[in-house]
$ cat query14.pdb   # PDB, N, CA and C atoms
ATOM      1  N   MET A   1      15.297  -1.358  -5.317
ATOM      2  CA  MET A   1      14.192  -1.943  -6.054
ATOM      3  C   MET A   1      13.209  -0.832  -6.410
ATOM      4  N   VAL A   2      12.680  -0.890  -7.590
ATOM      5  CA  VAL A   2      11.787   0.160  -8.059
ATOM      6  C   VAL A   2      10.342  -0.065  -7.646
ATOM      7  N   PHE A   3       9.993  -1.251  -7.179
ATOM      8  CA  PHE A   3       8.614  -1.555  -6.800
ATOM      9  C   PHE A   3       8.402  -1.259  -5.327
ATOM     10  N   ASN A   4       7.248  -0.654  -5.006
ATOM     11  CA  ASN A   4       6.903  -0.398  -3.618
ATOM     12  C   ASN A   4       6.531  -1.695  -2.915
ATOM     13  N   THR A   5       6.833  -1.749  -1.625
ATOM     14  CA  THR A   5       6.496  -2.913  -0.821
ATOM     15  C   THR A   5       5.386  -2.521   0.136
ATOM     16  N   GLY A   6       4.209  -3.068  -0.066
ATOM     17  CA  GLY A   6       3.068  -2.753   0.782
ATOM     18  C   GLY A   6       3.135  -3.464   2.120
ATOM     19  N   ALA A   7       2.222  -3.086   3.003
ATOM     20  CA  ALA A   7       2.200  -3.640   4.358
ATOM     21  C   ALA A   7       2.001  -5.159   4.363
ATOM     22  N   ALA A   8       1.102  -5.661   3.525
ATOM     23  CA  ALA A   8       0.847  -7.108   3.509
ATOM     24  C   ALA A   8       2.089  -7.875   3.077
ATOM     25  N   LEU A   9       2.798  -7.352   2.079
ATOM     26  CA  LEU A   9       4.011  -8.033   1.621
ATOM     27  C   LEU A   9       5.094  -7.977   2.687
ATOM     28  N   LEU A  10       5.232  -6.842   3.362
ATOM     29  CA  LEU A  10       6.192  -6.751   4.472
ATOM     30  C   LEU A  10       5.846  -7.743   5.571
ATOM     31  N   ASP A  11       4.571  -7.829   5.920
ATOM     32  CA  ASP A  11       4.141  -8.800   6.935
ATOM     33  C   ASP A  11       4.512 -10.211   6.510
ATOM     34  N   ALA A  12       4.251 -10.541   5.254
ATOM     35  CA  ALA A  12       4.542 -11.885   4.743
ATOM     36  C   ALA A  12       6.033 -12.185   4.817
ATOM     37  N   ILE A  13       6.855 -11.226   4.418
ATOM     38  CA  ILE A  13       8.313 -11.429   4.432
ATOM     39  C   ILE A  13       8.807 -11.615   5.860
ATOM     40  N   VAL A  14       8.342 -10.772   6.780
ATOM     41  CA  VAL A  14       8.780 -10.875   8.176
ATOM     42  C   VAL A  14       8.328 -12.200   8.779
ATOM     43  N   LEU A  15       7.088 -12.591   8.548
ATOM     44  CA  LEU A  15       6.620 -13.874   9.073
ATOM     45  C   LEU A  15       7.446 -15.028   8.501
ATOM     46  N   ALA A  16       7.771 -14.965   7.223
ATOM     47  CA  ALA A  16       8.581 -16.025   6.611
ATOM     48  C   ALA A  16       9.967 -16.090   7.247
ATOM     49  N   VAL A  17      10.583 -14.939   7.460
ATOM     50  CA  VAL A  17      11.918 -14.893   8.076
ATOM     51  C   VAL A  17      11.873 -15.444   9.495
ATOM     52  N   VAL A  18      10.900 -15.000  10.286
ATOM     53  CA  VAL A  18      10.813 -15.447  11.681
ATOM     54  C   VAL A  18      10.477 -16.937  11.744
ATOM     55  N   SER A  19       9.683 -17.425  10.814
ATOM     56  CA  SER A  19       9.263 -18.834  10.848
ATOM     57  C   SER A  19      10.419 -19.801  10.608
ATOM     58  N   ARG A  20      11.517 -19.321  10.050
ATOM     59  CA  ARG A  20      12.660 -20.207   9.768
ATOM     60  C   ARG A  20      13.387 -20.661  11.018
ATOM     61  N   GLU A  21      13.187 -19.957  12.123
ATOM     62  CA  GLU A  21      13.862 -20.273  13.387
ATOM     63  C   GLU A  21      12.835 -20.753  14.410
ATOM     64  N   ALA A  22      12.883 -22.020  14.763
ATOM     65  CA  ALA A  22      11.888 -22.589  15.686
ATOM     66  C   ALA A  22      11.867 -21.869  17.032
ATOM     67  N   LYS A  23      13.027 -21.451  17.529
ATOM     68  CA  LYS A  23      13.097 -20.775  18.821
ATOM     69  C   LYS A  23      12.904 -19.272  18.694
ATOM     70  N   GLY A  24      12.747 -18.789  17.468
ATOM     71  CA  GLY A  24      12.576 -17.361  17.246
ATOM     72  C   GLY A  24      13.884 -16.703  16.865
ATOM     73  N   THR A  25      13.807 -15.436  16.588
ATOM     74  CA  THR A  25      14.981 -14.660  16.206
ATOM     75  C   THR A  25      14.796 -13.228  16.669
ATOM     76  N   TYR A  26      15.858 -12.462  16.679
ATOM     77  CA  TYR A  26      15.812 -11.116  17.235
ATOM     78  C   TYR A  26      15.783 -10.052  16.131
ATOM     79  N   GLY A  27      15.406  -8.853  16.524
ATOM     80  CA  GLY A  27      15.144  -7.775  15.593
ATOM     81  C   GLY A  27      16.254  -7.479  14.599
ATOM     82  N   TYR A  28      17.492  -7.363  15.076
ATOM     83  CA  TYR A  28      18.593  -7.028  14.170
ATOM     84  C   TYR A  28      18.765  -8.106  13.110
ATOM     85  N   LYS A  29      18.687  -9.370  13.507
ATOM     86  CA  LYS A  29      18.838 -10.468  12.549
ATOM     87  C   LYS A  29      17.672 -10.478  11.563
ATOM     88  N   ILE A  30      16.475 -10.188  12.046
ATOM     89  CA  ILE A  30      15.326 -10.103  11.139
ATOM     90  C   ILE A  30      15.589  -9.021  10.095
ATOM     91  N   THR A  31      16.072  -7.862  10.549
ATOM     92  CA  THR A  31      16.373  -6.766   9.624
ATOM     93  C   THR A  31      17.383  -7.215   8.572
ATOM     94  N   GLN A  32      18.446  -7.881   8.995
ATOM     95  CA  GLN A  32      19.475  -8.317   8.052
ATOM     96  C   GLN A  32      18.931  -9.338   7.063
ATOM     97  N   ASP A  33      18.123 -10.270   7.541
ATOM     98  CA  ASP A  33      17.549 -11.289   6.655
ATOM     99  C   ASP A  33      16.581 -10.668   5.649
ATOM    100  N   VAL A  34      15.768  -9.733   6.124
ATOM    101  CA  VAL A  34      14.824  -9.059   5.224
ATOM    102  C   VAL A  34      15.587  -8.229   4.196
ATOM    103  N   ARG A  35      16.680  -7.593   4.609
ATOM    104  CA  ARG A  35      17.498  -6.797   3.684
ATOM    105  C   ARG A  35      18.121  -7.650   2.587
ATOM    106  N   GLY A  36      18.189  -8.958   2.797
ATOM    107  CA  GLY A  36      18.658  -9.847   1.738
ATOM    108  C   GLY A  36      17.666  -9.935   0.584
ATOM    109  N   VAL A  37      16.429  -9.480   0.829
ATOM    110  CA  VAL A  37      15.367  -9.543  -0.175
ATOM    111  C   VAL A  37      14.978  -8.148  -0.649
ATOM    112  N   ILE A  38      14.753  -7.249   0.307
ATOM    113  CA  ILE A  38      14.356  -5.877  -0.009
ATOM    114  C   ILE A  38      15.115  -4.926   0.908
ATOM    115  N   GLU A  39      15.234  -3.687   0.504
ATOM    116  CA  GLU A  39      15.875  -2.683   1.350
ATOM    117  C   GLU A  39      14.856  -2.204   2.379
ATOM    118  N   ILE A  40      15.241  -2.284   3.639
ATOM    119  CA  ILE A  40      14.341  -1.888   4.730
ATOM    120  C   ILE A  40      15.176  -1.335   5.870
ATOM    121  N   SER A  41      14.659  -0.323   6.528
ATOM    122  CA  SER A  41      15.350   0.244   7.683
ATOM    123  C   SER A  41      14.740  -0.334   8.953
ATOM    124  N   GLU A  42      15.488  -0.218  10.029
ATOM    125  CA  GLU A  42      14.955  -0.687  11.308
ATOM    126  C   GLU A  42      13.728   0.126  11.695
ATOM    127  N   SER A  43      13.691   1.395  11.321
ATOM    128  CA  SER A  43      12.534   2.230  11.662
ATOM    129  C   SER A  43      11.282   1.791  10.907
ATOM    130  N   THR A  44      11.453   1.081   9.809
ATOM    131  CA  THR A  44      10.319   0.505   9.080
ATOM    132  C   THR A  44       9.955  -0.854   9.654
ATOM    133  N   LEU A  45      10.962  -1.624  10.051
ATOM    134  CA  LEU A  45      10.734  -2.989  10.515
ATOM    135  C   LEU A  45      10.006  -3.054  11.856
ATOM    136  N   TYR A  46      10.392  -2.228  12.805
ATOM    137  CA  TYR A  46       9.835  -2.367  14.144
ATOM    138  C   TYR A  46       8.333  -2.109  14.212
ATOM    139  N   PRO A  47       7.781  -1.162  13.456
ATOM    140  CA  PRO A  47       6.311  -1.067  13.429
ATOM    141  C   PRO A  47       5.641  -2.327  12.860
ATOM    142  N   VAL A  48       6.299  -2.986  11.913
ATOM    143  CA  VAL A  48       5.768  -4.246  11.366
ATOM    144  C   VAL A  48       5.748  -5.298  12.474
ATOM    145  N   LEU A  49       6.838  -5.397  13.227
ATOM    146  CA  LEU A  49       6.898  -6.357  14.328
ATOM    147  C   LEU A  49       5.822  -6.062  15.370
ATOM    148  N   ARG A  50       5.643  -4.784  15.712
ATOM    149  CA  ARG A  50       4.612  -4.415  16.699
ATOM    150  C   ARG A  50       3.212  -4.769  16.191
ATOM    151  N   ARG A  51       2.969  -4.517  14.901
ATOM    152  CA  ARG A  51       1.653  -4.852  14.339
ATOM    153  C   ARG A  51       1.421  -6.358  14.382
ATOM    154  N   LEU A  52       2.430  -7.142  14.026
ATOM    155  CA  LEU A  52       2.285  -8.600  14.040
ATOM    156  C   LEU A  52       2.121  -9.134  15.458
ATOM    157  N   LEU A  53       2.745  -8.478  16.427
ATOM    158  CA  LEU A  53       2.535  -8.846  17.836
ATOM    159  C   LEU A  53       1.100  -8.545  18.249
ATOM    160  N   LYS A  54       0.615  -7.368  17.893
ATOM    161  CA  LYS A  54      -0.748  -6.962  18.247
ATOM    162  C   LYS A  54      -1.779  -7.901  17.618
ATOM    163  N   GLU A  55      -1.504  -8.356  16.407
ATOM    164  CA  GLU A  55      -2.409  -9.270  15.706
ATOM    165  C   GLU A  55      -2.223 -10.724  16.140
ATOM    166  N   GLU A  56      -1.326 -10.940  17.117
ATOM    167  CA  GLU A  56      -1.030 -12.262  17.680
ATOM    168  C   GLU A  56      -0.462 -13.239  16.656
ATOM    169  N   CYS A  57       0.230 -12.697  15.666
ATOM    170  CA  CYS A  57       0.938 -13.540  14.686
ATOM    171  C   CYS A  57       2.347 -13.853  15.172
ATOM    172  N   LEU A  58       2.848 -13.021  16.081
ATOM    173  CA  LEU A  58       4.152 -13.231  16.704
ATOM    174  C   LEU A  58       3.991 -13.155  18.215
ATOM    175  N   GLU A  59       4.922 -13.802  18.898
ATOM    176  CA  GLU A  59       5.034 -13.638  20.346
ATOM    177  C   GLU A  59       6.469 -13.228  20.632
ATOM    178  N   VAL A  60       6.683 -12.662  21.782
ATOM    179  CA  VAL A  60       7.993 -12.114  22.108
ATOM    180  C   VAL A  60       8.454 -12.651  23.457
ATOM    181  N   TYR A  61       9.764 -12.817  23.572
ATOM    182  CA  TYR A  61      10.357 -13.154  24.868
ATOM    183  C   TYR A  61      11.760 -12.573  24.896
ATOM    184  N   ASP A  62      12.273 -12.344  26.089
ATOM    185  CA  ASP A  62      13.620 -11.795  26.259
ATOM    186  C   ASP A  62      14.561 -12.898  26.701
ATOM    187  N   LEU A  63      15.780 -12.820  26.207
ATOM    188  CA  LEU A  63      16.812 -13.796  26.544
ATOM    189  C   LEU A  63      18.092 -13.036  26.857
ATOM    190  N   ALA A  64      18.729 -13.382  27.983
ATOM    191  CA  ALA A  64      19.981 -12.717  28.357
ATOM    192  C   ALA A  64      21.126 -13.264  27.503
ATOM    193  N   ILE A  65      21.788 -12.374  26.790
ATOM    194  CA  ILE A  65      22.944 -12.718  25.955
ATOM    195  C   ILE A  65      24.086 -11.801  26.381
ATOM    196  N   ASP A  66      25.174 -12.394  26.888
ATOM    197  CA  ASP A  66      26.332 -11.616  27.341
ATOM    198  C   ASP A  66      25.937 -10.509  28.321
ATOM    199  N   GLY A  67      25.035 -10.836  29.237
ATOM    200  CA  GLY A  67      24.636  -9.890  30.270
ATOM    201  C   GLY A  67      23.613  -8.853  29.841
ATOM    202  N   ARG A  68      23.161  -8.934  28.579
ATOM    203  CA  ARG A  68      22.161  -7.981  28.093
ATOM    204  C   ARG A  68      20.943  -8.757  27.600
ATOM    205  N   ASN A  69      19.787  -8.180  27.799
ATOM    206  CA  ASN A  69      18.566  -8.812  27.293
ATOM    207  C   ASN A  69      18.422  -8.566  25.800
ATOM    208  N   ARG A  70      18.101  -9.615  25.096
ATOM    209  CA  ARG A  70      17.818  -9.521  23.662
ATOM    210  C   ARG A  70      16.384  -9.984  23.470
ATOM    211  N   ARG A  71      15.605  -9.189  22.752
ATOM    212  CA  ARG A  71      14.188  -9.502  22.505
ATOM    213  C   ARG A  71      14.084 -10.419  21.290
ATOM    214  N   TYR A  72      13.452 -11.566  21.506
ATOM    215  CA  TYR A  72      13.253 -12.552  20.443
ATOM    216  C   TYR A  72      11.791 -12.572  20.023
ATOM    217  N   TYR A  73      11.591 -12.791  18.735
ATOM    218  CA  TYR A  73      10.255 -12.897  18.150
ATOM    219  C   TYR A  73      10.090 -14.310  17.614
ATOM    220  N   ARG A  74       8.938 -14.901  17.914
ATOM    221  CA  ARG A  74       8.636 -16.267  17.476
ATOM    222  C   ARG A  74       7.242 -16.266  16.852
ATOM    223  N   ILE A  75       7.101 -17.002  15.761
ATOM    224  CA  ILE A  75       5.807 -17.068  15.081
ATOM    225  C   ILE A  75       4.838 -17.921  15.905
ATOM    226  N   THR A  76       3.589 -17.516  15.931
ATOM    227  CA  THR A  76       2.542 -18.259  16.634
ATOM    228  C   THR A  76       1.787 -19.126  15.626
ATOM    229  N   GLU A  77       0.884 -19.928  16.130
ATOM    230  CA  GLU A  77       0.052 -20.745  15.234
ATOM    231  C   GLU A  77      -0.779 -19.835  14.332
ATOM    232  N   LYS A  78      -1.331 -18.766  14.907
ATOM    233  CA  LYS A  78      -2.085 -17.810  14.097
ATOM    234  C   LYS A  78      -1.193 -17.190  13.016
ATOM    235  N   GLY A  79       0.057 -16.930  13.362
ATOM    236  CA  GLY A  79       1.013 -16.395  12.389
ATOM    237  C   GLY A  79       1.302 -17.383  11.277
ATOM    238  N   ARG A  80       1.382 -18.668  11.613
ATOM    239  CA  ARG A  80       1.613 -19.703  10.587
ATOM    240  C   ARG A  80       0.437 -19.788   9.613
ATOM    241  N   VAL A  81      -0.762 -19.690  10.163
ATOM    242  CA  VAL A  81      -1.958 -19.693   9.303
ATOM    243  C   VAL A  81      -1.915 -18.486   8.366
ATOM    244  N   GLN A  82      -1.593 -17.318   8.917
ATOM    245  CA  GLN A  82      -1.516 -16.103   8.105
ATOM    246  C   GLN A  82      -0.420 -16.217   7.050
ATOM    247  N   LEU A  83       0.735 -16.768   7.423
ATOM    248  CA  LEU A  83       1.832 -16.947   6.472
ATOM    249  C   LEU A  83       1.415 -17.868   5.336
ATOM    250  N   ASN A  84       0.729 -18.942   5.646
ATOM    251  CA  ASN A  84       0.260 -19.847   4.594
ATOM    252  C   ASN A  84      -0.729 -19.157   3.667
ATOM    253  N   LEU A  85      -1.585 -18.296   4.227
ATOM    254  CA  LEU A  85      -2.496 -17.512   3.402
ATOM    255  C   LEU A  85      -1.705 -16.590   2.476
ATOM    256  N   TYR A  86      -0.716 -15.891   3.030
ATOM    257  CA  TYR A  86       0.126 -15.014   2.216
ATOM    258  C   TYR A  86       0.832 -15.796   1.111
ATOM    259  N   ARG A  87       1.336 -16.974   1.439
ATOM    260  CA  ARG A  87       2.045 -17.780   0.425
ATOM    261  C   ARG A  87       1.118 -18.139  -0.731
ATOM    262  N   GLY A  88      -0.100 -18.537  -0.415
ATOM    263  CA  GLY A  88      -1.058 -18.865  -1.461
ATOM    264  C   GLY A  88      -1.405 -17.659  -2.311
ATOM    265  N   GLU A  89      -1.669 -16.528  -1.661
ATOM    266  CA  GLU A  89      -1.991 -15.298  -2.381
ATOM    267  C   GLU A  89      -0.820 -14.844  -3.240
ATOM    268  N   TRP A  90       0.398 -14.955  -2.704
ATOM    269  CA  TRP A  90       1.587 -14.542  -3.450
ATOM    270  C   TRP A  90       1.779 -15.412  -4.684
ATOM    271  N   SER A  91       1.536 -16.687  -4.553
ATOM    272  CA  SER A  91       1.688 -17.595  -5.691
ATOM    273  C   SER A  91       0.766 -17.188  -6.837
ATOM    274  N   VAL A  92      -0.472 -16.902  -6.521
ATOM    275  CA  VAL A  92      -1.443 -16.481  -7.540
ATOM    276  C   VAL A  92      -1.047 -15.125  -8.120
ATOM    277  N   TYR A  93      -0.766 -14.166  -7.247
ATOM    278  CA  TYR A  93      -0.438 -12.799  -7.665
ATOM    279  C   TYR A  93       0.828 -12.764  -8.528
ATOM    280  N   SER A  94       1.889 -13.378  -8.035
ATOM    281  CA  SER A  94       3.154 -13.328  -8.775
ATOM    282  C   SER A  94       3.049 -14.073 -10.095
ATOM    283  N   GLY A  95       2.254 -15.143 -10.140
ATOM    284  CA  GLY A  95       2.039 -15.856 -11.396
ATOM    285  C   GLY A  95       1.363 -14.980 -12.431
ATOM    286  N   LYS A  96       0.350 -14.223 -11.996
ATOM    287  CA  LYS A  96      -0.354 -13.318 -12.911
ATOM    288  C   LYS A  96       0.574 -12.221 -13.423
ATOM    289  N   ILE A  97       1.352 -11.638 -12.525
ATOM    290  CA  ILE A  97       2.280 -10.582 -12.928
ATOM    291  C   ILE A  97       3.328 -11.139 -13.889
ATOM    292  N   SER A  98       3.876 -12.302 -13.586
ATOM    293  CA  SER A  98       4.874 -12.917 -14.469
ATOM    294  C   SER A  98       4.289 -13.189 -15.844
ATOM    295  N   ARG A  99       3.069 -13.711 -15.878
ATOM    296  CA  ARG A  99       2.443 -14.000 -17.178
ATOM    297  C   ARG A  99       2.275 -12.740 -18.011
ATOM    298  N   ILE A 100       1.792 -11.676 -17.397
ATOM    299  CA  ILE A 100       1.564 -10.451 -18.166
ATOM    300  C   ILE A 100       2.882  -9.841 -18.626
ATOM    301  N   LEU A 101       3.897  -9.878 -17.788
ATOM    302  CA  LEU A 101       5.200  -9.341 -18.188
ATOM    303  C   LEU A 101       5.829 -10.186 -19.291
ATOM    304  N   GLU A 102       5.685 -11.491 -19.194
ATOM    305  CA  GLU A 102       6.240 -12.361 -20.224
ATOM    306  C   GLU A 102       5.486 -12.199 -21.535
ATOM    307  N   GLU A 103       4.170 -12.008 -21.470
ATOM    308  CA  GLU A 103       3.383 -11.782 -22.687
ATOM    309  C   GLU A 103       3.831 -10.499 -23.372
ATOM    310  N   LEU A 104       4.084  -9.462 -22.584
ATOM    311  CA  LEU A 104       4.536  -8.194 -23.167
ATOM    312  C   LEU A 104       5.897  -8.373 -23.812
ATOM    313  N   THR A 105       6.780  -9.124 -23.159
ATOM    314  CA  THR A 105       8.109  -9.370 -23.703
ATOM    315  C   THR A 105       8.018 -10.215 -24.963
ATOM    316  N   ASP A 106       7.204 -11.267 -24.926
ATOM    317  CA  ASP A 106       7.081 -12.152 -26.096
ATOM    318  C   ASP A 106       6.525 -11.404 -27.290
ATOM    319  N   GLY A 107       5.607 -10.491 -27.074
ATOM    320  CA  GLY A 107       4.978  -9.767 -28.162
ATOM    321  C   GLY A 107       5.918  -8.755 -28.819
ATOM    322  N   GLN A 108       7.000  -8.392 -28.166
ATOM    323  CA  GLN A 108       7.924  -7.383 -28.688
ATOM    324  C   GLN A 108       9.109  -8.002 -29.402
ATOM    325  N   GLU A 109       9.223  -9.317 -29.355
ATOM    326  CA  GLU A 109      10.396  -9.951 -29.980
ATOM    327  C   GLU A 109      10.177 -10.209 -31.438
TER     328      GLU A 109
END

$ encode --input "query14.pdb" --output "structure tokens"
Amino acid sequence: MVFNTGAALLDAIVLAVVSREAKGTYGYKITQDVRGVIEISESTLYPVLRRLLKEECLEVYDLAIDGRNRRYYRITEKGRVQLNLYRGEWSVYSGKISRILEELTDGQE
């Protein structure tokens, strides 16, 4: 993708991905789900997860899977509020960008 992804957009995408699983989801799966939308490395994702944990938008717990602990991330109520804010802001922002791009396209036809 040619467009840069800022921190707020990354936070919004990660919160949206984690919110889809009521019991939470683990880092590798979050990375794979986010990669379905944008290209991201694990080295980029984990600082986002740590920031969202620090901001109390996510909570973490460990679960033993096949004898190994897997760290799960679950959205908090504060995270849901933040996600809803991001959704509203994204709707306005993306609508404005779409309108301007469509106007430019319409004017060239």

$ residues_near_point --input "query14.pdb" --point "(7.5, -1.7, 3.3)" --cutoff "9 Å" --atoms "only C-alpha atoms" --output "list in words"
Asn4, Thr5, Gly6, Ala7, Ala8, Leu9, Leu10, Asp11, Ile38, Glu39, Ile40, Thr44, Leu45 and Val48 of chain A

$ resolve_selection --input "query14.pdb" --expression "the PyMOL selection byres ((chain A and resi 74) around 6)" --output "MDAnalysis selection string"
chainID A and resid 23:25 57:60 72:73 75:76

$ residues_around --input "query14.pdb" --residues "Gly27 (chain A)" --least-positions-apart "4" --cutoff "8 Å" --atoms "all atoms listed in the file" --output "count of residues only"
10

$ atom_distance --input "query14.pdb" --atom1 "CA of Ser19 (chain A)" --atom2 "CA of Lys54 (chain A)"
17.2 Å

$ residues_around --input "query14.pdb" --residues "Glu77 (chain A)" --least-positions-apart "3" --cutoff "7 Å" --atoms "all atoms listed in the file" --output "PyMOL selection string"
chain A and resi 56-57+80-82

$ closest_residue --input "query14.pdb" --among "A:Arg20, A:Ile65, A:Leu15, A:Leu85" --to "Leu52 (chain A)" --atoms "only C-alpha atoms"
A:Leu15

$ atom_distance --input "query14.pdb" --atom1 "CA of Ile97 (chain A)" --atom2 "CA of Gly36 (chain A)"
22.0 Å

$ atom_distance --input "query14.pdb" --atom1 "CA of Ala16 (chain A)" --atom2 "CA of Ile100 (chain A)"
26.3 Å

$ select_by_dssp --input "query14.pdb" --residues "region 72-105 of chain A" --states "strand (DSSP E or B)" --output "VMD selection string"
chain A and resid 72 to 75

$ closest_residue --input "query14.pdb" --among "A:Ser94, A:Glu89, A:Val14, A:Glu102" --to "Arg51 (chain A)" --atoms "only C-alpha atoms"
A:Val14

$ decode --input "query14.pdb" --residues "region 81-89 of chain A" --atoms "all heavy atoms" --output "CSV table (one decimal), in the first residue's frame"
chain,number,residue,atom,x,y,z
A,81,VAL,N,-14.8,2.0,24.0
A,81,VAL,CA,-15.2,3.4,23.9
A,81,VAL,C,-14.2,4.1,22.9
A,81,VAL,O,-14.6,4.8,22.0
A,81,VAL,CB,-15.1,4.1,25.3
A,81,VAL,CG1,-15.1,5.7,25.1
A,81,VAL,CG2,-16.2,3.6,26.2
A,82,GLN,N,-12.9,3.8,23.0
A,82,GLN,CA,-11.9,4.3,22.1
A,82,GLN,C,-12.2,3.8,20.6
A,82,GLN,O,-12.1,4.6,19.7
A,82,GLN,CB,-10.5,3.9,22.5
A,82,GLN,CG,-9.4,4.6,21.7
A,82,GLN,CD,-9.4,6.1,21.8
A,82,GLN,OE1,-9.6,6.6,22.9
A,82,GLN,NE2,-9.2,6.8,20.7
A,83,LEU,N,-12.5,2.5,20.5
A,83,LEU,CA,-12.8,2.0,19.2
A,83,LEU,C,-14.0,2.7,18.5
A,83,LEU,O,-14.0,3.0,17.4
A,83,LEU,CB,-13.0,0.5,19.3
A,83,LEU,CG,-13.4,-0.2,18.0
A,83,LEU,CD1,-12.4,0.0,16.9
A,83,LEU,CD2,-13.6,-1.7,18.2
A,84,ASN,N,-15.0,2.9,19.3
A,84,ASN,CA,-16.2,3.6,18.8
A,84,ASN,C,-15.8,5.0,18.4
A,84,ASN,O,-16.3,5.5,17.3
A,84,ASN,CB,-17.3,3.6,19.8
A,84,ASN,CG,-18.0,2.3,19.9
A,84,ASN,OD1,-18.0,1.5,18.9
A,84,ASN,ND2,-18.5,1.9,21.1
A,85,LEU,N,-15.0,5.7,19.1
A,85,LEU,CA,-14.5,7.0,18.7
A,85,LEU,C,-13.7,6.9,17.4
A,85,LEU,O,-14.0,7.7,16.5
A,85,LEU,CB,-13.6,7.6,19.8
A,85,LEU,CG,-12.9,8.9,19.5
A,85,LEU,CD1,-13.9,10.1,19.5
A,85,LEU,CD2,-11.8,9.2,20.4
A,86,TYR,N,-12.8,6.0,17.3
A,86,TYR,CA,-12.1,5.8,16.0
A,86,TYR,C,-13.0,5.5,14.9
A,86,TYR,O,-12.8,6.1,13.8
A,86,TYR,CB,-11.1,4.6,16.2
A,86,TYR,CG,-9.9,4.9,16.9
A,86,TYR,CD1,-9.3,4.0,17.8
A,86,TYR,CD2,-9.2,6.1,16.8
A,86,TYR,CE1,-8.2,4.2,18.5
A,86,TYR,CE2,-8.0,6.4,17.5
A,86,TYR,CZ,-7.5,5.4,18.4
A,86,TYR,OH,-6.4,5.7,19.1
A,87,ARG,N,-14.1,4.7,15.1
A,87,ARG,CA,-15.0,4.4,14.0
A,87,ARG,C,-15.7,5.7,13.5
A,87,ARG,O,-15.9,5.9,12.3
A,87,ARG,CB,-16.0,3.4,14.5
A,87,ARG,CG,-15.5,2.0,14.5
A,87,ARG,CD,-16.5,1.0,15.0
A,87,ARG,NE,-16.0,-0.4,14.9
A,87,ARG,CZ,-16.3,-1.4,15.7
A,87,ARG,NH1,-17.1,-1.2,16.8
A,87,ARG,NH2,-15.8,-2.6,15.5
A,88,GLY,N,-16.1,6.5,14.5
A,88,GLY,CA,-16.8,7.7,14.1
A,88,GLY,C,-15.9,8.7,13.3
A,88,GLY,O,-16.2,9.2,12.3
A,89,GLU,N,-14.6,8.8,13.8
A,89,GLU,CA,-13.7,9.7,13.2
A,89,GLU,C,-13.3,9.1,11.8
A,89,GLU,O,-13.2,9.9,10.8
A,89,GLU,CB,-12.4,9.8,14.0
A,89,GLU,CG,-12.6,10.6,15.3
A,89,GLU,CD,-12.8,12.0,15.1
A,89,GLU,OE1,-12.2,12.6,14.2
A,89,GLU,OE2,-13.7,12.6,15.8
